[in-house]
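Undergrad: Below is a structure I'd like to ask you about.
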Amino acid sequence: MSPAYRLSKSRFTAGLQCHKQLWWRVHEPGAPELVPDAQTQAIFDQGTDVGALARSYVPGGTLIDFAYDQTRQKVDATTVALAGTAPVIYEASFFADRVFVAVDILERRPDGFGLIEVKSSTSAKPEHLPDAAIQAHVLGQAGLAVRRVEIMHLNRACTFPDLTDLFARTDVTREVAALLPGVPAQAQEQLRMLEGPLPEVAIGPHCSAPHACPFHSRCWADVPAHHVSTLYRLGQKAWDLVSAGCGTIPALPADLSLSATAERQRRSVVSNRLIVEPSLRDALKAFEPPLAFLDFETINPAIPVWDGCHPYDSIPVQFSCHRQQRGGGYEHVEWLAGGPGDPRPQIAEALVAACAGARTIVAYNASFEKTCLRGLGLALGPKATASMEDIESRIVDLLPAVREHVYHPGFGGSFSLKSVLPVLVPELSYDELEVSDGSIAALELARLLLRGETLVEAEKTRLRGALLRYCELDTWGTVRLLERLRELADGT
Ligand code: SF4
């Protein structure tokens, strides 16, 4: 077997997801798809921060601290640490059967060792188990008696400012033991595969689960338009249809029973035209003037920073509101937190003022706005709860008006504002914006508010401007979308 190829825990789990993905990762380590974008890098950084913090919750350890590619030095230093008396070793490193692993936290126990894999999720998940299993296998090959395997993850019950219970440890010893017998053959199969040419692997649900594959655009480039996987909420059934030879929506059997929304999608795609149901007219009656259009942006820090917050709580830190004016037209009101302090009292106050006088508050995919309002009420006490409940009682969601009554082939099976707006209101576009989707906005907001001291003033001003423009487009887009829907309903 070629000594050029070796596995790591991340390579092994990538190989379990897809051999082709692993082949590209190993043979093209400089591929542009593997350069993390800002969002991926922020997730990596967050994982690194959580991992480093987790060590302080299992204190007294020795850190095996070498550069990324100094694997020999790491393994040698681990041998030295194991010969000593340290109760805990962080990043303990082992190499056996052509697999290198570094254990996040290795605990010495009276009967052997405890292996702890740190994850920045809030629970142990099935996809964490092979990751722990390959480590347990390599440690066993290196002669260590692993008696306990745990996933150490963030604890949603932890409430700022008391971070003593920030982490929880879930015992997965039994689950990992059940996987262990299969691990050597899986690793050897991956190593054999790496010696050969790029393997043939068909696209499938494994392209997005358990992790989004970075090579998606390579494998999906030739997938025909209206692939059956874009059919609204079909899930695994879509892939069963692909296996049965029905690759696209027009090729579906005529007698296939679909939900009303998916059936409308099929009719629209087959006829290649916009479908507007006559029922849209009645659906739009719920949007009674005077209207206000509301959109929140949030941050969700893994490690909470404000009183009463838990890991990954979504905290609204920005909103945009377009208010219908008596004489016609719209007034724009916006609010964005100014720094690292708790923004909730001020944003709640600004919201009440922004929504005053509106009979209907329009949001797109309103469950998000409603959750934000409930969270603000809970955090700020009874008076704020009453104000937030009042705002929530006036919210009407525009998304179902599209999903239940309208379809255009350009939607591609999605009813998100980013999918619907460019088709129905083509003069509005997110393409030119520096911040162009909600997850990027959340990252940039966290950078601006929580790590603002790392930015120079000009960068802060630029970032604030980009975030304000993005949020404003969400509410102005919703204004224009409702107007367009009214035109379409009038034409039915
Ligand atoms: S896109 Fe799918 S088939 Fe292609 S490498 Fe990734 S997981 Fe494998």
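Identifiers in the structure tokens: chain A, B, ... in order shown; residue index from 1 per chain; ligand index from 1 in order shown.
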Compile the contact shell of Tyr68 of chain A as a PyMOL selection string: residues with an atom at most 12 Å away, counting only C-alpha atoms, same-chain residues fewer than 5 positions apart removed.
TA: chain A and resi 73-74+91+93+100-102
Undergrad: List the neighbours of Gln265 of chain A out to 8 Å using only C-alpha atoms; skip same-chain residues closer than 4 positions along the sequence, and give me the result as an NGL selection string.
TA: :A and (231-232 or 261 or 269 or 407-409 or 413)
Undergrad: Which one is closest to ligand 1: A:Glu200, A:Asp97, A:Glu175, A:Glu487? Count only C-alpha atoms and all ligand atoms.
TA: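 Comparing A:Glu200, A:Asp97, A:Glu175, A:Glu487 against ligand 1, the winner is A:Glu200.
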Undergrad: What does the list of residues within 8 Å of ligand 1 look like if you count only C-alpha atoms and all ligand atoms, written as a ChimeraX atom specification?
TA: /A:17-22,24,201-208,212-220
Undergrad: Using only C-alpha atoms, please write the residues we just selected to a file, as a PDB file, in the first residue's frame.
TA:
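As written to disk, again-v7.pdb reads:
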ATOM      1  CA  GLN A  17     -20.003  10.219   3.563  1.00  0.00           C
ATOM      2  CA  CYS A  18     -18.609   9.712   0.039  1.00  0.00           C
ATOM      3  CA  HIS A  19     -15.487   8.051  -1.419  1.00  0.00           C
ATOM      4  CA  LYS A  20     -15.361  10.539  -4.264  1.00  0.00           C
ATOM      5  CA  GLN A  21     -15.304  13.457  -1.829  1.00  0.00           C
ATOM      6  CA  LEU A  22     -12.437  11.831   0.112  1.00  0.00           C
ATOM      7  CA  TRP A  24     -10.705  14.813  -4.117  1.00  0.00           C
ATOM      8  CA  VAL A 201     -20.234   7.901  -7.098  1.00  0.00           C
ATOM      9  CA  ALA A 202     -23.739   8.985  -8.057  1.00  0.00           C
ATOM     10  CA  ILE A 203     -25.187  12.126  -6.504  1.00  0.00           C
ATOM     11  CA  GLY A 204     -27.693  11.548  -3.728  1.00  0.00           C
ATOM     12  CA  PRO A 205     -28.800  12.644  -0.268  1.00  0.00           C
ATOM     13  CA  HIS A 206     -25.229  12.049   0.921  1.00  0.00           C
ATOM     14  CA  CYS A 207     -24.209  15.229  -0.958  1.00  0.00           C
ATOM     15  CA  SER A 208     -25.740  17.334   1.785  1.00  0.00           C
ATOM     16  CA  ALA A 212     -22.701  19.837   2.833  1.00  0.00           C
ATOM     17  CA  CYS A 213     -20.099  18.488   0.407  1.00  0.00           C
ATOM     18  CA  PRO A 214     -17.671  21.171  -0.801  1.00  0.00           C
ATOM     19  CA  PHE A 215     -17.574  19.575  -4.278  1.00  0.00           C
ATOM     20  CA  HIS A 216     -21.317  19.960  -4.840  1.00  0.00           C
ATOM     21  CA  SER A 217     -20.914  22.223  -7.867  1.00  0.00           C
ATOM     22  CA  ARG A 218     -18.584  19.715  -9.603  1.00  0.00           C
ATOM     23  CA  CYS A 219     -20.947  16.762  -9.335  1.00  0.00           C
ATOM     24  CA  TRP A 220     -24.195  18.658  -9.788  1.00  0.00           C
TER      25      TRP A 220
END
Undergrad: For Lys237 of chain A, list every protein, DNA or RNA residue within 12 Å, evaluated using only C-alpha atoms, and leave out those in the same chain fewer than 3 positions away; present the list as an mmCIF file with all heavy atoms, in the first residue's frame.
TA:
data_model
loop_
_atom_site.group_PDB
_atom_site.id
_atom_site.type_symbol
_atom_site.label_atom_id
_atom_site.label_comp_id
_atom_site.auth_asym_id
_atom_site.auth_seq_id
_atom_site.Cartn_x
_atom_site.Cartn_y
_atom_site.Cartn_z
ATOM 1 N N GLY A 204 -26.609 12.077 -4.563
ATOM 2 C CA GLY A 204 -27.693 11.548 -3.728
ATOM 3 C C GLY A 204 -27.831 12.366 -2.464
ATOM 4 O O GLY A 204 -27.194 13.424 -2.326
ATOM 5 N N PRO A 205 -28.614 11.883 -1.512
ATOM 6 C CA PRO A 205 -28.800 12.644 -0.268
ATOM 7 C C PRO A 205 -27.501 12.815 0.506
ATOM 8 O O PRO A 205 -27.377 13.728 1.313
ATOM 9 C CB PRO A 205 -29.831 11.815 0.517
ATOM 10 C CG PRO A 205 -29.908 10.493 -0.144
ATOM 11 C CD PRO A 205 -29.438 10.659 -1.546
ATOM 12 N N VAL A 228 -35.621 16.095 -9.848
ATOM 13 C CA VAL A 228 -36.728 15.699 -8.972
ATOM 14 C C VAL A 228 -36.440 16.049 -7.503
ATOM 15 O O VAL A 228 -37.366 16.243 -6.709
ATOM 16 C CB VAL A 228 -37.048 14.199 -9.209
ATOM 17 C CG1 VAL A 228 -36.011 13.306 -8.586
ATOM 18 C CG2 VAL A 228 -38.440 13.845 -8.743
ATOM 19 N N SER A 229 -35.159 16.209 -7.147
ATOM 20 C CA SER A 229 -34.840 16.571 -5.753
ATOM 21 C C SER A 229 -35.263 18.004 -5.427
ATOM 22 O O SER A 229 -35.271 18.391 -4.261
ATOM 23 C CB SER A 229 -33.341 16.407 -5.483
ATOM 24 O OG SER A 229 -32.598 17.285 -6.298
ATOM 25 N N THR A 230 -35.609 18.811 -6.449
ATOM 26 C CA THR A 230 -36.088 20.173 -6.165
ATOM 27 C C THR A 230 -37.602 20.188 -5.925
ATOM 28 O O THR A 230 -38.165 21.248 -5.644
ATOM 29 C CB THR A 230 -35.770 21.151 -7.322
ATOM 30 O OG1 THR A 230 -36.486 20.732 -8.491
ATOM 31 C CG2 THR A 230 -34.283 21.206 -7.619
ATOM 32 N N LEU A 231 -38.250 19.050 -6.057
ATOM 33 C CA LEU A 231 -39.697 19.019 -5.836
ATOM 34 C C LEU A 231 -39.977 19.308 -4.361
ATOM 35 O O LEU A 231 -39.308 18.767 -3.473
ATOM 36 C CB LEU A 231 -40.239 17.641 -6.225
ATOM 37 C CG LEU A 231 -41.730 17.522 -6.519
ATOM 38 C CD1 LEU A 231 -42.191 18.538 -7.551
ATOM 39 C CD2 LEU A 231 -42.062 16.123 -6.989
ATOM 40 N N TYR A 232 -40.964 20.141 -4.114
ATOM 41 C CA TYR A 232 -41.215 20.671 -2.781
ATOM 42 C C TYR A 232 -41.410 19.564 -1.737
ATOM 43 O O TYR A 232 -42.314 18.752 -1.849
ATOM 44 C CB TYR A 232 -42.455 21.582 -2.826
ATOM 45 C CG TYR A 232 -42.794 22.202 -1.499
ATOM 46 C CD1 TYR A 232 -41.972 23.172 -0.946
ATOM 47 C CD2 TYR A 232 -43.922 21.806 -0.797
ATOM 48 C CE1 TYR A 232 -42.270 23.738 0.280
ATOM 49 C CE2 TYR A 232 -44.229 22.379 0.425
ATOM 50 C CZ TYR A 232 -43.387 23.338 0.953
ATOM 51 O OH TYR A 232 -43.678 23.889 2.174
ATOM 52 N N ARG A 233 -40.514 19.548 -0.762
ATOM 53 C CA ARG A 233 -40.589 18.678 0.420
ATOM 54 C C ARG A 233 -40.855 17.212 0.095
ATOM 55 O O ARG A 233 -41.695 16.570 0.721
ATOM 56 C CB ARG A 233 -41.666 19.184 1.390
ATOM 57 C CG ARG A 233 -41.255 20.472 2.032
ATOM 58 C CD ARG A 233 -41.920 20.688 3.340
ATOM 59 N NE ARG A 233 -41.395 21.895 3.968
ATOM 60 C CZ ARG A 233 -42.027 22.625 4.862
ATOM 61 N NH1 ARG A 233 -43.231 22.257 5.259
ATOM 62 N NH2 ARG A 233 -41.476 23.679 5.387
ATOM 63 N N LEU A 234 -40.134 16.652 -0.871
ATOM 64 C CA LEU A 234 -40.334 15.239 -1.199
ATOM 65 C C LEU A 234 -39.378 14.346 -0.406
ATOM 66 O O LEU A 234 -39.634 13.151 -0.235
ATOM 67 C CB LEU A 234 -40.149 15.026 -2.703
ATOM 68 C CG LEU A 234 -40.962 13.889 -3.300
ATOM 69 C CD1 LEU A 234 -42.452 14.078 -3.028
ATOM 70 C CD2 LEU A 234 -40.712 13.767 -4.784
ATOM 71 N N ASP A 240 -35.720 7.901 -4.268
ATOM 72 C CA ASP A 240 -36.318 6.628 -4.699
ATOM 73 C C ASP A 240 -36.776 6.758 -6.155
ATOM 74 O O ASP A 240 -36.614 5.839 -6.962
ATOM 75 C CB ASP A 240 -37.510 6.246 -3.814
ATOM 76 C CG ASP A 240 -37.081 6.015 -2.362
ATOM 77 O OD1 ASP A 240 -35.871 5.803 -2.128
ATOM 78 O OD2 ASP A 240 -37.949 6.070 -1.477
ATOM 79 N N LEU A 241 -37.336 7.936 -6.487
ATOM 80 C CA LEU A 241 -37.791 8.166 -7.863
ATOM 81 C C LEU A 241 -36.604 8.222 -8.821
ATOM 82 O O LEU A 241 -36.674 7.705 -9.936
ATOM 83 C CB LEU A 241 -38.599 9.471 -7.937
ATOM 84 C CG LEU A 241 -40.004 9.385 -7.333
ATOM 85 C CD1 LEU A 241 -40.550 10.771 -7.035
ATOM 86 C CD2 LEU A 241 -40.952 8.642 -8.276
ATOM 87 N N VAL A 242 -35.505 8.854 -8.391
ATOM 88 C CA VAL A 242 -34.302 8.903 -9.231
ATOM 89 C C VAL A 242 -33.832 7.476 -9.507
ATOM 90 O O VAL A 242 -33.521 7.116 -10.657
ATOM 91 C CB VAL A 242 -33.184 9.724 -8.544
ATOM 92 C CG1 VAL A 242 -31.871 9.587 -9.308
ATOM 93 C CG2 VAL A 242 -33.581 11.199 -8.449
ATOM 94 N N SER A 243 -33.812 6.641 -8.448
ATOM 95 C CA SER A 243 -33.389 5.243 -8.621
ATOM 96 C C SER A 243 -34.297 4.507 -9.592
ATOM 97 O O SER A 243 -33.861 3.607 -10.308
ATOM 98 C CB SER A 243 -33.403 4.494 -7.284
ATOM 99 O OG SER A 243 -32.588 5.150 -6.374
ATOM 100 N N ALA A 244 -35.574 4.905 -9.608
ATOM 101 C CA ALA A 244 -36.534 4.250 -10.503
ATOM 102 C C ALA A 244 -36.499 4.851 -11.909
ATOM 103 O O ALA A 244 -37.313 4.491 -12.766
ATOM 104 C CB ALA A 244 -37.937 4.353 -9.918
ATOM 105 N N CYS A 246 -36.763 8.230 -12.727
ATOM 106 C CA CYS A 246 -37.470 9.506 -12.918
ATOM 107 C C CYS A 246 -36.583 10.629 -12.410
ATOM 108 O O CYS A 246 -36.653 10.995 -11.234
ATOM 109 C CB CYS A 246 -38.788 9.525 -12.154
ATOM 110 S SG CYS A 246 -39.899 8.243 -12.652
ATOM 111 N N GLY A 247 -35.737 11.172 -13.269
ATOM 112 C CA GLY A 247 -34.748 12.150 -12.818
ATOM 113 C C GLY A 247 -35.263 13.570 -12.726
ATOM 114 O O GLY A 247 -34.702 14.379 -11.995
ATOM 115 N N LEU A 252 -41.962 12.620 -14.066
ATOM 116 C CA LEU A 252 -42.670 11.902 -12.996
ATOM 117 C C LEU A 252 -43.894 11.172 -13.543
ATOM 118 O O LEU A 252 -44.562 11.684 -14.459
ATOM 119 C CB LEU A 252 -43.147 12.897 -11.925
ATOM 120 C CG LEU A 252 -42.051 13.543 -11.069
ATOM 121 C CD1 LEU A 252 -42.659 14.628 -10.181
ATOM 122 C CD2 LEU A 252 -41.366 12.486 -10.211
ATOM 123 N N LEU A 256 -48.551 9.831 -9.890
ATOM 124 C CA LEU A 256 -47.854 10.012 -8.611
ATOM 125 C C LEU A 256 -48.602 11.055 -7.777
ATOM 126 O O LEU A 256 -48.846 12.165 -8.217
ATOM 127 C CB LEU A 256 -46.416 10.486 -8.853
ATOM 128 C CG LEU A 256 -45.583 10.698 -7.589
ATOM 129 C CD1 LEU A 256 -45.245 9.368 -6.926
ATOM 130 C CD2 LEU A 256 -44.284 11.451 -7.926
ATOM 131 N N SER A 257 -48.953 10.672 -6.554
ATOM 132 C CA SER A 257 -49.712 11.578 -5.688
ATOM 133 C C SER A 257 -48.756 12.554 -5.000
ATOM 134 O O SER A 257 -47.774 12.146 -4.380
ATOM 135 C CB SER A 257 -50.480 10.726 -4.670
ATOM 136 O OG SER A 257 -51.025 11.549 -3.700
ATOM 137 N N LEU A 258 -49.047 13.845 -5.117
ATOM 138 C CA LEU A 258 -48.183 14.883 -4.542
ATOM 139 C C LEU A 258 -49.012 15.816 -3.673
ATOM 140 O O LEU A 258 -50.232 15.906 -3.822
ATOM 141 C CB LEU A 258 -47.536 15.699 -5.671
ATOM 142 C CG LEU A 258 -46.606 14.958 -6.627
ATOM 143 C CD1 LEU A 258 -46.250 15.852 -7.810
ATOM 144 C CD2 LEU A 258 -45.331 14.519 -5.905
#
Undergrad: Excluding segment 128-138 of chain A and any residue of its chain fewer than 2 positions from it, enumerate the residues within 10 Å of it, using only C-alpha atoms, and give them as a ChimeraX atom specification.
TA: /A:7-14,16,93-103,114-119,123-126,140-151,172-173,175-184,186-187,210
Undergrad: If we count only C-alpha atoms, what is near Ser419 of chain A at a cut-off of 12 Å, once residues fewer than 5 positions away on the same chain are taken out, given as a PyMOL selection string?
TA: chain A and resi 399+402-403+407-414+424-426+428-430+437+477+481
Undergrad: Go through segment 308-399 of chain A residue by residue and, counting only C-alpha atoms, keep those with an atom at most 9 Å from segment 153-170 of chain A; for each kept residue give the shortest atom pair and its distance in Å to one decimal, ordered by chain and increasing number, as CSV.
TA:
residue,atom,partner,partner_atom,distance
A:Gly308,CA,A:Phe160,CA,5.3
A:Cys309,CA,A:Phe160,CA,5.4
A:His310,CA,A:Thr159,CA,5.0
A:Pro311,CA,A:Arg156,CA,5.5
A:Tyr312,CA,A:Arg156,CA,7.8
A:Asp313,CA,A:Arg156,CA,8.6
Undergrad: Please write the residues from the selection above to a file, keeping N, CA and C atoms, as an mmCIF file, in the first residue's frame.
TA:
data_model
loop_
_atom_site.group_PDB
_atom_site.id
_atom_site.type_symbol
_atom_site.label_atom_id
_atom_site.label_comp_id
_atom_site.auth_asym_id
_atom_site.auth_seq_id
_atom_site.Cartn_x
_atom_site.Cartn_y
_atom_site.Cartn_z
ATOM 1 N N GLY A 308 -29.232 35.781 31.050
ATOM 2 C CA GLY A 308 -30.380 34.924 30.746
ATOM 3 C C GLY A 308 -30.249 34.155 29.437
ATOM 4 N N CYS A 309 -29.183 34.405 28.680
ATOM 5 C CA CYS A 309 -29.039 33.732 27.375
ATOM 6 C C CYS A 309 -28.379 32.364 27.525
ATOM 7 N N HIS A 310 -28.765 31.452 26.616
ATOM 8 C CA HIS A 310 -28.222 30.093 26.566
ATOM 9 C C HIS A 310 -27.372 29.955 25.296
ATOM 10 N N PRO A 311 -26.554 28.895 25.206
ATOM 11 C CA PRO A 311 -25.789 28.695 23.963
ATOM 12 C C PRO A 311 -26.700 28.690 22.731
ATOM 13 N N TYR A 312 -26.321 29.444 21.737
ATOM 14 C CA TYR A 312 -27.004 29.534 20.438
ATOM 15 C C TYR A 312 -28.375 30.198 20.489
ATOM 16 N N ASP A 313 -28.735 30.848 21.595
ATOM 17 C CA ASP A 313 -29.977 31.631 21.564
ATOM 18 C C ASP A 313 -29.869 32.655 20.444
#
Undergrad: Between atom CA of Val270 of chain A and atom CA of Pro250 of chain A, what is the distance in Å, rounded to a tenth?
TA: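 Between atom CA of Val270 of chain A and atom CA of Pro250 of chain A the gap is 5.6 Å.
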Undergrad: From a DSSP pass on the backbone, collect the residues of segment 284-387 of chain A flagged as strand (DSSP E or B) and hand them back as a ChimeraX atom specification.
TA: /A:291-299,315-324,330-336,360-363
